[in-house]
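A.B. asks: Here it is, the structure, as structure tokens.
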Amino acid sequence: MNYTNSSFSDLFFSLGNLPILPERILVIGLMTVIVTDLFNKGKNTVLLYRLSFIYLLISVVAVLGQWKVYPVYVAFVNSPISNFSYIFRLLLLICSLLSVLLSVDYIRCSKVVLAEFLFFILTAGLGGMVLCRGNDLVTLYVALELSSLSSCFLSGYTKNDIRSNEATTKFLLMGGASSSSLSYGFSLLHGISGGQLQLDKIADGLLLNQHLIVIFISIAFITAGTAFKLSLVPFHQWTPDVYEGVSPTPVVAFFSVTSKVAAPALFTRLFGLIFPHFPNEWHMVVGLLATSSMILGNLIAVTQISMKRMLAYPSISQIGYIMIGVLAADPENGYASMITHTFIYILMNLGTFACTTSFGLRTGTDNIRDYAGLYMKDPVLTFSSVLCSPSLGGIPPPSGFFGKLYLFWHGWKAGLYPSVLVALITSVISIYYYLKIIKLMFTGKNGRSDASTIYIQNSLVSSISKSSIEIAMIIRALASTLSGILIDPIIGITRNTLF
């Protein structure tokens with residue numbers, strides 16, 4: 001028995017000595033999916049789905065194993081990686097896992113190629129994981145471009161769709177502009193720090209540097225570059241166009257959660273490690289951007305008629321809420337409020353997009369008016385929407401309320417009074433447009449006679465996917481609701497996250 005325990009301990013310790021083991025597993029998974037598809041000639045799509053799912057699960061186990069041995073490992077190795085890295089890598093893997101579960105049947109029913117889709121999902125997740133752990137400017141930039149280009153290819157996955165091609169073009173052009181801004185800011189940091197690339201060494205070099213104007217210019221360019229990835233106002237223009245233009249709804253769901261994990265992780269690592277001695281120079285600017293995002297995102301969402309475009313604007317406001325947690329970090333709690341809210345948001349948003357995917361697959365539309373009277377046609381879909389949508393708005397008792405409560409309370413303690421007050425007001429506005437959709441499902445009457453016919457026909461055609469999508473939808477809805485019960489353990493896990 002002691003020999004067995006010793007073997008398991010040695011195994012977990014060996015995992016801790018392979019810093020990028022989860023990323024290596026994903027790379028092997030990428031190659032396996034492509035080679036398998038090459039030999040099967042695209043026939044066995046179920047096998048590809050299972051392979052990608054298995055490799056993602058193994059990567060999750062590897063991250064958890066490394067996380068378990070971290071207190072022992074850090075005693076022997078001088079590592080700058082804190083719990084922050086492990087938490088965000090785990091969140092990205094969860095996003096990829098849930099997105100694959102949501103998308104596989106949709107892709108099969110829409111008769112598009114599955115192998116490339118899974119390849120880009122895994123590649124985007126891989127780039128995001130490297131972002132959460134990278135400790136030098138070159139690695140961070142390459143990982144960011146890997147994730148961004150994979151997301152761009154996903155947005156143009158349906159090549160025959162004109163709207164999808166337009167969204168991809170906008171995404172690529174604006175992404176290139178933001179990457180240029182970010183690379184220029186990095187080059188300034190590299191120069192004024194004496195040619196350093198490591199984040200901690202750059203911070204030491206800036207502390208002794210007298211060229212404050214150059215430092216402020218680099219902060220401005222890095223803020224602009226990361227604000228695009230975060231979809232902060234006024235760098236948000238690509239978000240609603242990409243959300244609405246991308247045809248596969250699961251792709252939009254993947255965008256909506258991975259961008260809320262990878263981009264805040266990049267921003268937090270850059271500003272938390274490089275500019276810890278210049279908080280006043282960037283806190284005020286980021287606070288203004290976050291406040292503007294909360295106001296604009298919620299106000300414009302009220303006027304939308306497309307479900308996917310409507311969900312794009314709350315995602316802009318949600319990143320404003322998340323930035324409150326970034327600004328409110330302290331030595332006692334770290335980034336606990338930001339991480340807790342992000343985790344709950346992943347479950348809420350994927351649950352909502354699962355409902356949107358199911359509805360769009362059976363009706364071929366994402367118009368909000370077509371949700372009228374949905375309760376009579378599909379009670380399960382209506383029930384799941386009722387659980388997820390109020391949680392996004394912060395209505396109690398779903399978990400979204402507890403996530404926002406802890407986030408706003410933490411921000412108030414940190415002295416972010418204007419941002420928290422704006423967040424409270426805009427949260428009330430968001431409740432209006434979420435409840436408006438729920439009311440339409442129960443009391444609305446669809447005047448379009450063809451909508452019901454299309455719904456029934458597509459339900460029969462996609463009966464193979466009905467059960468799996470409904471199961472995924474219900475699981476996400478219940479998880480987004482019940483995770484509020486475990487809010488205290490989640491907060492306890494996420495506290496040791498300050499650099």
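Residues are referred to by chain and number: the chain letter is A, B, ... according to the order shown in the structure tokens, the number counts from 1 in that chain, and ligands are numbered separately from 1 in the order shown.
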Check the DSSP output for the backbone and give back, as a ChimeraX atom specification, the residues of segment 99-204 of chain A in alpha helix (DSSP H).
C.D. replies: /A:99-110,114-133,137-155,162-192,199-204
A.B. asks: Counting only C-alpha atoms, which residues of segment 217-289 of chain A fall within 6 Å of segment 161-177 of chain A, and what is the closest atom pair for each with its distance in Å at one decimal, ordered by chain and rising number, as a tab-separated table?
C.D. replies:
```
residue	atom	partner	partner_atom	distance
A:Asp241	CA	A:Ala167	CA	5.9
A:Val242	CA	A:Ala167	CA	4.8
A:Gly245	CA	A:Arg163	CA	4.8
A:Val246	CA	A:Ser164	CA	4.7
```
A.B. asks: What does the distance from atom CA of Pro19 of chain A to atom CA of Val61 of chain A come to in Å, to one decimal?
C.D. replies: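 Answer for the atom CA of Pro19 of chain A to atom CA of Val61 of chain A separation: 13.7 Å.
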A.B. asks: What parts of segment 178-416 of chain A does DSSP call strand (DSSP E or B)? I'd like the answer as a PDB file with N, CA and C atoms, in the first residue's frame.
C.D. replies:
```pdb
ATOM      1  N   GLN A 198      12.148  39.064 -20.489  1.00  0.00           N
ATOM      2  CA  GLN A 198      11.418  38.511 -19.350  1.00  0.00           C
ATOM      3  C   GLN A 198      10.604  39.605 -18.659  1.00  0.00           C
ATOM      4  N   SER A 306     -31.617  40.734 -33.450  1.00  0.00           N
ATOM      5  CA  SER A 306     -30.934  39.456 -33.677  1.00  0.00           C
ATOM      6  C   SER A 306     -30.429  38.923 -32.338  1.00  0.00           C
ATOM      7  N   ASP A 330      -6.062  42.654  -4.570  1.00  0.00           N
ATOM      8  CA  ASP A 330      -5.306  43.016  -3.370  1.00  0.00           C
ATOM      9  C   ASP A 330      -4.545  41.793  -2.869  1.00  0.00           C
ATOM     10  N   GLY A 334      -6.252  38.502  -3.929  1.00  0.00           N
ATOM     11  CA  GLY A 334      -5.747  38.343  -5.281  1.00  0.00           C
ATOM     12  C   GLY A 334      -6.787  38.761  -6.313  1.00  0.00           C
ATOM     13  N   ASN A 367     -33.680  35.442 -35.112  1.00  0.00           N
ATOM     14  CA  ASN A 367     -34.483  36.634 -34.838  1.00  0.00           C
ATOM     15  C   ASN A 367     -35.221  36.468 -33.511  1.00  0.00           C
TER      16      ASN A 367
END
```
A.B. asks: Suppose you want the space between atom CA of Phe53 of chain A and atom CA of Ile344 of chain A; what is it in Å?
C.D. replies: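 One can read the atom CA of Phe53 of chain A to atom CA of Ile344 of chain A distance as 22.0 Å.
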A.B. asks: What is the atom CA of Pro314 of chain A-atom CA of Leu387 of chain A distance in Å, reported with one decimal?
C.D. replies: 17.0 Å
A.B. asks: Nearest to Ile485 of chain A among A:Phe402, A:Ala414, A:Arg269, A:Arg369, with distances taken over only C-alpha atoms: which residue is it?
C.D. replies: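 Of the candidates, the smallest distance to Ile485 of chain A is held by A:Phe402.
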A.B. asks: Report as an NGL selection string all protein, DNA and RNA residues lying within 10 Å of Met129 of chain A, evaluated on only C-alpha atoms, omitting residues in the same chain fewer than 3 positions from it.
C.D. replies: :A and (20 or 22-23 or 85-86 or 88-93 or 123-126 or 132-134 or 143-144 or 147 or 261-262 or 265)
A.B. asks: Give me the residues of segment 69-183 of chain A that have any atom at most 9 Å from an atom of segment 31-45 of chain A; for each, the nearest atom pair and the distance in Å, rounded to one decimal. Use only C-alpha atoms, sort by chain and number, and format it as a tab-separated table.
C.D. replies:
```
residue	atom	partner	partner_atom	distance
A:Val104	CA	A:Thr45	CA	8.9
A:Arg108	CA	A:Thr45	CA	8.0
A:Val113	CA	A:Gly42	CA	7.5
A:Leu114	CA	A:Thr45	CA	6.6
A:Ala115	CA	A:Asp37	CA	6.4
A:Glu116	CA	A:Ile34	CA	7.8
A:Leu118	CA	A:Val33	CA	7.9
A:Phe119	CA	A:Val33	CA	7.2
```
A.B. asks: Which is closest to Asn83 of chain A among A:Ser315, A:Thr223, A:Thr443, A:Gln66, if we use only C-alpha atoms?
C.D. replies: A:Gln66
A.B. asks: Pick out the closest residue to Ile487 of chain A from this set: A:Tyr434, A:Phe221, A:Trp238, A:Phe343. Count only C-alpha atoms.
C.D. replies: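 Checking each candidate against Ile487 of chain A, we get A:Phe343 as the closest.
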A.B. asks: What lies within 8 Å of Leu374 of chain A using only C-alpha atoms, ignoring chain neighbours under 5 positions off, as a PyMOL selection string?
C.D. replies: chain A and resi 379+382+441-442
